[in-house]
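Read the structure below first, then the notes.
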Amino acid sequence: MIRQRTLGDALTSAGQDPVLVAQRGTVAVTTLEPVDPERGQRLGLAIVTSVLLFMSLIGYGTAEAQGVVEEKSSRVVELLLATIRPIHLLTGKVLGLGAVGLAQLVTLGAVGLAGATASGLLTAPSAAASALVAAVIWYLLGFFLYASVYAAAGSMVSRQEELQSLVTPIMFPLFLPFLFAVSVLPGDPRNTVGTVLSFVPFFAPTLMPARAALGVAPWWQVGIAIVLTLATIVGVVQVAARIYRNSVLRTGARVTWSEALRGAGKT
């Protein structure tokens, strides 16, 4: 109070009106980045995309491993491998189940997009369509990457009860980026850690489409992530095919990773 009165007296003595000085001293704030009116919808699209990809990759990847174990335990795989090569059987299983998962993903995405647009919840159909296309692309990349690993893991055991201990570690590279995409990116889309991790092939199928839906991933970043993921798929498929070939005909005790890679033991 005393400070304000002293300041007012000083301004008055100097021939200045304290009220006008206070008005002129008001600081105006102008943002350099305009507010994105579609930010809320982009955030929703990013979360929905992450959830769909996570559920599809986990669900159909696990189904891939379970199918391999079932064929192995029932000895059906022995009949199949009598006429076709292991790599062809593995590729056929991945393509077949991947097509089913892709059909479900596209159906759910299209129905959700149509329903949200018709109800007025979504006023940016172009952004939603782009998110759906990105989800399809990253589903295909992610499924080829993970399904090969799941199939290789399934070929190493002879019973469904033994499968869980092998597939659980495979889920972590999917679960961790999914948590990051739905908990960190919505509040901080340009997060440095999220940006770096979105280039890592095993994390990219979940993080990069989420960043793209939020509008913070330029095309060149998406392109680099796709190239890195494709290169990783080539290497992973080769290793998975070797493990599958060396393990799928071995029954009884669980095959270790070193045995599967070396091809040691009898079939």
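Chain lettering (A, B, ...) mirrors the order of the structure tokens, residue numbering begins at 1 for each chain separately, and ligand numbering begins at 1 in order of display.
The shell of residues at most 12 Å from Arg250 in chain A, with only C-alpha atoms counted and near chain neighbours (fewer than 4 positions) removed, consists of Val69, Lys72, Ser73, Arg75, Val77, Glu78, Gly154, Ser155, Met156, Val157, Ser158, Arg159, Ile243, Tyr244, Arg245, Asn246, Arg254, Val255, Thr256, Glu259, Ala260, Gly263, Ala264, Gly265, Lys266 and Thr267 of chain A.
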- Item | Residue among A:Ser258, A:Thr83, A:Thr229, A:Thr251 lying closest to Pro201 in chain A, counting only C-alpha atoms | A:Thr229
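Proximity to Leu228 in chain A was assessed for A:Asn191, A:Gly142, A:Ser119, A:Phe175 counting only C-alpha atoms; the smallest distance is recorded for A:Gly142.
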- Message: So that I can check the surroundings of Ala204 in chain A, please list as a ChimeraX atom specification every protein, DNA and RNA residue that reaches within 12 Å of it, counting only C-alpha atoms and ignoring chain neighbours fewer than 3 positions away.
- Response: /A:50,53-54,134-135,137-139,141-143,145,173-174,176-178,180-181,194-201,207-212,217,221-230,232
Residue selection dump (N, CA and C atoms) as a CSV table (one decimal), in the first residue's frame:
```csv
chain,number,residue,atom,x,y,z
A,50,SER,N,-3.3,-45.9,-31.9
A,50,SER,CA,-2.4,-46.7,-31.1
A,50,SER,C,-3.0,-47.9,-30.5
A,53,LEU,N,-3.7,-50.6,-33.3
A,53,LEU,CA,-2.5,-51.3,-33.7
A,53,LEU,C,-2.0,-52.2,-32.6
A,54,PHE,N,-2.0,-51.7,-31.4
A,54,PHE,CA,-1.5,-52.5,-30.3
A,54,PHE,C,-2.3,-53.8,-30.1
A,134,ALA,N,-2.3,-44.7,-42.5
A,134,ALA,CA,-1.1,-44.9,-41.8
A,134,ALA,C,-1.2,-46.1,-40.9
A,135,ALA,N,-2.4,-46.3,-40.3
A,135,ALA,CA,-2.5,-47.5,-39.5
A,135,ALA,C,-2.4,-48.8,-40.3
A,137,ILE,N,-0.7,-49.2,-43.1
A,137,ILE,CA,0.8,-49.4,-43.5
A,137,ILE,C,1.6,-49.9,-42.3
A,138,TRP,N,1.4,-49.3,-41.2
A,138,TRP,CA,2.2,-49.7,-40.0
A,138,TRP,C,1.7,-51.0,-39.4
A,139,TYR,N,0.5,-51.4,-39.6
A,139,TYR,CA,0.0,-52.7,-39.2
A,139,TYR,C,0.8,-53.8,-40.1
A,141,LEU,N,3.6,-53.5,-41.7
A,141,LEU,CA,5.1,-53.6,-41.3
A,141,LEU,C,5.2,-54.2,-39.9
A,142,GLY,N,4.4,-53.8,-39.0
A,142,GLY,CA,4.5,-54.4,-37.6
A,142,GLY,C,4.2,-55.8,-37.6
A,143,PHE,N,3.2,-56.3,-38.3
A,143,PHE,CA,2.8,-57.7,-38.3
A,143,PHE,C,3.9,-58.6,-38.9
A,145,LEU,N,7.0,-58.0,-39.0
A,145,LEU,CA,8.1,-57.9,-38.0
A,145,LEU,C,7.8,-58.8,-36.8
A,173,PRO,N,8.3,-55.0,-26.3
A,173,PRO,CA,8.6,-53.9,-27.3
A,173,PRO,C,7.3,-53.3,-27.9
A,174,LEU,N,6.1,-54.0,-27.7
A,174,LEU,CA,4.9,-53.4,-28.1
A,174,LEU,C,4.2,-52.7,-27.0
A,176,LEU,N,5.5,-51.2,-24.2
A,176,LEU,CA,6.1,-49.9,-23.8
A,176,LEU,C,5.8,-48.8,-24.7
A,177,PRO,N,6.0,-48.9,-26.0
A,177,PRO,CA,5.7,-47.7,-26.9
A,177,PRO,C,4.2,-47.4,-26.8
A,178,PHE,N,3.3,-48.4,-26.6
A,178,PHE,CA,1.9,-48.1,-26.5
A,178,PHE,C,1.6,-47.3,-25.3
A,180,PHE,N,3.6,-45.2,-23.9
A,180,PHE,CA,4.2,-43.9,-24.2
A,180,PHE,C,3.3,-43.1,-25.1
A,181,ALA,N,2.7,-43.8,-26.1
A,181,ALA,CA,1.8,-43.1,-27.1
A,181,ALA,C,0.6,-42.6,-26.4
A,194,GLY,N,10.2,-39.6,-27.3
A,194,GLY,CA,9.2,-40.2,-28.2
A,194,GLY,C,9.6,-40.1,-29.7
A,195,THR,N,10.2,-39.0,-30.0
A,195,THR,CA,10.7,-38.8,-31.4
A,195,THR,C,11.8,-39.8,-31.8
A,196,VAL,N,12.7,-39.9,-30.9
A,196,VAL,CA,13.8,-40.9,-31.1
A,196,VAL,C,13.3,-42.3,-31.2
A,197,LEU,N,12.5,-42.7,-30.2
A,197,LEU,CA,12.0,-44.1,-30.2
A,197,LEU,C,11.1,-44.4,-31.4
A,198,SER,N,10.5,-43.4,-32.0
A,198,SER,CA,9.6,-43.7,-33.1
A,198,SER,C,10.4,-44.1,-34.4
A,199,PHE,N,11.7,-44.0,-34.3
A,199,PHE,CA,12.6,-44.4,-35.4
A,199,PHE,C,13.0,-45.9,-35.2
A,200,VAL,N,12.9,-46.4,-34.0
A,200,VAL,CA,13.4,-47.7,-33.6
A,200,VAL,C,12.4,-48.7,-34.2
A,201,PRO,N,12.8,-49.6,-35.1
A,201,PRO,CA,11.9,-50.5,-35.8
A,201,PRO,C,10.8,-51.2,-34.9
A,207,LEU,N,4.5,-45.9,-32.3
A,207,LEU,CA,4.8,-44.5,-32.0
A,207,LEU,C,4.7,-43.6,-33.2
A,208,MET,N,5.2,-44.1,-34.3
A,208,MET,CA,5.2,-43.2,-35.5
A,208,MET,C,3.9,-42.8,-36.0
A,209,PRO,N,2.9,-43.8,-36.2
A,209,PRO,CA,1.6,-43.4,-36.6
A,209,PRO,C,0.9,-42.5,-35.6
A,210,ALA,N,1.2,-42.6,-34.3
A,210,ALA,CA,0.6,-41.7,-33.3
A,210,ALA,C,1.1,-40.3,-33.5
A,211,ARG,N,2.4,-40.2,-33.7
A,211,ARG,CA,3.0,-38.9,-33.9
A,211,ARG,C,2.5,-38.3,-35.2
A,212,ALA,N,2.3,-39.1,-36.2
A,212,ALA,CA,1.8,-38.6,-37.5
A,212,ALA,C,0.3,-38.1,-37.3
A,217,ALA,N,4.9,-35.4,-37.0
A,217,ALA,CA,5.9,-36.2,-37.7
A,217,ALA,C,5.9,-35.9,-39.2
A,221,GLN,N,10.4,-38.0,-41.8
A,221,GLN,CA,10.6,-38.9,-40.6
A,221,GLN,C,9.9,-40.2,-40.8
A,222,VAL,N,8.7,-40.1,-41.3
A,222,VAL,CA,7.9,-41.3,-41.5
A,222,VAL,C,8.6,-42.2,-42.5
A,223,GLY,N,9.2,-41.6,-43.6
A,223,GLY,CA,9.9,-42.4,-44.6
A,223,GLY,C,11.1,-43.1,-44.1
A,224,ILE,N,11.9,-42.4,-43.2
A,224,ILE,CA,13.0,-43.0,-42.6
A,224,ILE,C,12.6,-44.2,-41.7
A,225,ALA,N,11.6,-44.0,-40.9
A,225,ALA,CA,11.1,-45.0,-40.1
A,225,ALA,C,10.7,-46.3,-40.9
A,226,ILE,N,10.0,-46.0,-42.0
A,226,ILE,CA,9.6,-47.1,-42.8
A,226,ILE,C,10.7,-47.9,-43.4
A,227,VAL,N,11.7,-47.2,-43.9
A,227,VAL,CA,12.9,-47.8,-44.5
A,227,VAL,C,13.7,-48.7,-43.4
A,228,LEU,N,13.8,-48.1,-42.2
A,228,LEU,CA,14.5,-48.8,-41.2
A,228,LEU,C,13.7,-50.1,-40.8
A,229,THR,N,12.4,-49.9,-40.7
A,229,THR,CA,11.6,-51.1,-40.3
A,229,THR,C,11.6,-52.2,-41.4
A,230,LEU,N,11.6,-51.8,-42.7
A,230,LEU,CA,11.7,-52.8,-43.8
A,230,LEU,C,13.0,-53.5,-43.7
A,232,THR,N,14.9,-54.0,-41.1
A,232,THR,CA,14.8,-54.9,-39.9
A,232,THR,C,14.0,-56.2,-40.2
```
- Task: Could you give me, as a PyMOL selection string, the residues within 12 Å of Leu95 in chain A, counting only C-alpha atoms and dropping anything in the same chain fewer than 4 positions from it?
- Result: chain A and resi 60-61+64+88-91+99-102+140-141+143-145+147-148+151
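We find CA of Tyr150 in chain A and CA of Gly59 in chain A to be spaced 11.0 Å apart.
The interatomic distance for the pair CA of Gln41 in chain A and CA of Leu57 in chain A works out to 24.1 Å.
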- Using only C-alpha atoms, which residues sit within 12 Å of Ser130 in chain A once same-chain residues fewer than 2 positions away are excluded, as a list of chain:residue names? A:Arg42, A:Leu45, A:Ala46, A:Thr49, A:Gly109, A:Ala110, A:Leu113, A:Ala124, A:Pro125, A:Ser126, A:Ala127, A:Ala128, A:Leu132, A:Val133, A:Ala134, A:Ala135, A:Val136, A:Ile137, A:Pro209, A:Ala210, A:Ala212, A:Ala213, A:Leu214, A:Gly215
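Residue nearest Gly44 in chain A within the list A:Val182, A:Val76, A:Ala231, A:Leu249: A:Val182 [criterion: smallest interatomic distance, only C-alpha atoms].
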- Message: Give me, as a VMD selection string, the residues of range 90-228 of chain A that a backbone DSSP run labels alpha helix (DSSP H).
- Response: chain A and resid 90 to 119 125 to 154 164 to 183 192 to 197 204 to 213 219 to 228
Only C-alpha atoms, please: the residues just picked out, written as a JSON list (two decimals), in the first residue's frame.
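Produced file part_23.json, reproduced below:
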```
[["chain", "number", "residue", "atom", "x", "y", "z"],
["A", 90, "LEU", "CA", 6.04, -69.95, -42.38],
["A", 91, "THR", "CA", 5.42, -67.27, -45.01],
["A", 92, "GLY", "CA", 1.99, -68.66, -45.79],
["A", 93, "LYS", "CA", 0.98, -68.64, -42.14],
["A", 94, "VAL", "CA", 2.13, -65.04, -41.70],
["A", 95, "LEU", "CA", 0.39, -63.86, -44.87],
["A", 96, "GLY", "CA", -2.85, -65.68, -44.10],
["A", 97, "LEU", "CA", -3.28, -64.52, -40.55],
["A", 98, "GLY", "CA", -1.99, -61.06, -41.46],
["A", 99, "ALA", "CA", -4.72, -60.73, -44.08],
["A", 100, "VAL", "CA", -7.39, -61.61, -41.51],
["A", 101, "GLY", "CA", -6.01, -59.04, -39.07],
["A", 102, "LEU", "CA", -5.80, -56.40, -41.80],
["A", 103, "ALA", "CA", -9.42, -56.97, -42.80],
["A", 104, "GLN", "CA", -10.53, -56.56, -39.20],
["A", 105, "LEU", "CA", -8.43, -53.41, -38.74],
["A", 106, "VAL", "CA", -9.77, -51.78, -41.90],
["A", 107, "THR", "CA", -13.35, -52.74, -41.03],
["A", 108, "LEU", "CA", -13.16, -51.34, -37.50],
["A", 109, "GLY", "CA", -11.40, -48.19, -38.70],
["A", 110, "ALA", "CA", -13.86, -47.57, -41.54],
["A", 111, "VAL", "CA", -16.92, -48.16, -39.35],
["A", 112, "GLY", "CA", -15.53, -45.89, -36.64],
["A", 113, "LEU", "CA", -14.67, -43.18, -39.16],
["A", 114, "ALA", "CA", -18.09, -43.31, -40.77],
["A", 115, "GLY", "CA", -19.89, -43.29, -37.41],
["A", 116, "ALA", "CA", -17.85, -40.41, -36.00],
["A", 117, "THR", "CA", -18.35, -38.34, -39.16],
["A", 118, "ALA", "CA", -22.08, -39.01, -39.31],
["A", 119, "SER", "CA", -22.58, -38.13, -35.64],
["A", 125, "PRO", "CA", -12.38, -36.54, -42.15],
["A", 126, "SER", "CA", -9.19, -35.99, -44.17],
["A", 127, "ALA", "CA", -7.05, -36.27, -41.02],
["A", 128, "ALA", "CA", -8.97, -39.39, -39.99],
["A", 129, "ALA", "CA", -8.55, -40.95, -43.43],
["A", 130, "SER", "CA", -4.81, -40.25, -43.31],
["A", 131, "ALA", "CA", -4.62, -41.84, -39.85],
["A", 132, "LEU", "CA", -6.42, -44.95, -41.14],
["A", 133, "VAL", "CA", -4.07, -45.27, -44.12],
["A", 134, "ALA", "CA", -1.08, -44.87, -41.79],
["A", 135, "ALA", "CA", -2.54, -47.51, -39.47],
["A", 136, "VAL", "CA", -2.84, -49.97, -42.38],
["A", 137, "ILE", "CA", 0.75, -49.37, -43.50],
["A", 138, "TRP", "CA", 2.18, -49.69, -40.00],
["A", 139, "TYR", "CA", 0.03, -52.72, -39.24],
["A", 140, "LEU", "CA", 1.52, -54.53, -42.24],
["A", 141, "LEU", "CA", 5.06, -53.56, -41.27],
["A", 142, "GLY", "CA", 4.52, -54.37, -37.61],
["A", 143, "PHE", "CA", 2.80, -57.67, -38.27],
["A", 144, "PHE", "CA", 5.50, -58.97, -40.61],
["A", 145, "LEU", "CA", 8.08, -57.93, -38.03],
["A", 146, "TYR", "CA", 6.40, -59.41, -34.96],
["A", 147, "ALA", "CA", 4.53, -62.36, -36.48],
["A", 148, "SER", "CA", 7.81, -63.86, -37.68],
["A", 149, "VAL", "CA", 9.19, -63.66, -34.14],
["A", 150, "TYR", "CA", 5.99, -65.11, -32.67],
["A", 151, "ALA", "CA", 6.03, -68.00, -35.15],
["A", 152, "ALA", "CA", 9.67, -68.74, -34.39],
["A", 153, "ALA", "CA", 8.90, -68.77, -30.66],
["A", 154, "GLY", "CA", 5.95, -71.11, -31.21],
["A", 164, "GLN", "CA", 3.58, -68.02, -22.47],
["A", 165, "SER", "CA", 7.12, -67.82, -21.10],
["A", 166, "LEU", "CA", 8.43, -67.30, -24.63],
["A", 167, "VAL", "CA", 5.91, -64.79, -25.96],
["A", 168, "THR", "CA", 5.83, -62.55, -22.86],
["A", 169, "PRO", "CA", 9.23, -60.94, -23.62],
["A", 170, "ILE", "CA", 8.08, -60.32, -27.21],
["A", 171, "MET", "CA", 5.16, -58.25, -25.92],
["A", 172, "PHE", "CA", 7.33, -55.69, -24.13],
["A", 173, "PRO", "CA", 8.55, -53.91, -27.31],
["A", 174, "LEU", "CA", 4.86, -53.43, -28.14],
["A", 175, "PHE", "CA", 3.57, -52.62, -24.67],
["A", 176, "LEU", "CA", 6.15, -49.95, -23.78],
["A", 177, "PRO", "CA", 5.66, -47.70, -26.86],
["A", 178, "PHE", "CA", 1.90, -48.15, -26.55],
["A", 179, "LEU", "CA", 2.00, -46.77, -23.00],
["A", 180, "PHE", "CA", 4.22, -43.93, -24.18],
["A", 181, "ALA", "CA", 1.85, -43.13, -27.05],
["A", 182, "VAL", "CA", -1.26, -42.89, -24.88],
["A", 183, "SER", "CA", 0.24, -41.31, -21.75],
["A", 192, "THR", "CA", 12.39, -35.86, -27.63],
["A", 193, "VAL", "CA", 12.37, -39.42, -26.29],
["A", 194, "GLY", "CA", 9.20, -40.22, -28.22],
["A", 195, "THR", "CA", 10.69, -38.75, -31.39],
["A", 196, "VAL", "CA", 13.84, -40.87, -31.11],
["A", 197, "LEU", "CA", 11.98, -44.06, -30.19],
["A", 204, "ALA", "CA", 7.90, -47.48, -34.73],
["A", 205, "PRO", "CA", 4.68, -49.40, -35.60],
["A", 206, "THR", "CA", 2.99, -47.85, -32.55],
["A", 207, "LEU", "CA", 4.76, -44.53, -31.99],
["A", 208, "MET", "CA", 5.24, -43.18, -35.52],
["A", 209, "PRO", "CA", 1.56, -43.39, -36.59],
["A", 210, "ALA", "CA", 0.58, -41.75, -33.29],
["A", 211, "ARG", "CA", 3.02, -38.87, -33.92],
["A", 212, "ALA", "CA", 1.75, -38.60, -37.49],
["A", 213, "ALA", "CA", -1.87, -38.41, -36.31],
["A", 219, "TRP", "CA", 6.90, -37.04, -44.13],
["A", 220, "TRP", "CA", 10.67, -37.50, -44.17],
["A", 221, "GLN", "CA", 10.65, -38.86, -40.61],
["A", 222, "VAL", "CA", 7.89, -41.31, -41.52],
["A", 223, "GLY", "CA", 9.86, -42.36, -44.61],
["A", 224, "ILE", "CA", 13.05, -42.99, -42.64],
["A", 225, "ALA", "CA", 11.15, -45.05, -40.06],
["A", 226, "ILE", "CA", 9.55, -47.15, -42.81],
["A", 227, "VAL", "CA", 12.92, -47.83, -44.48],
["A", 228, "LEU", "CA", 14.51, -48.82, -41.16]]
```
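Pairwise distance (CA of Glu161 in chain A, CA of Val236 in chain A) equals 25.2 Å.
Remark: for Gln160 in chain A, the closest of the candidate residues A:Arg262, A:Val51, A:Leu43, A:Gln66 is A:Gln66 (distances computed over only C-alpha atoms).
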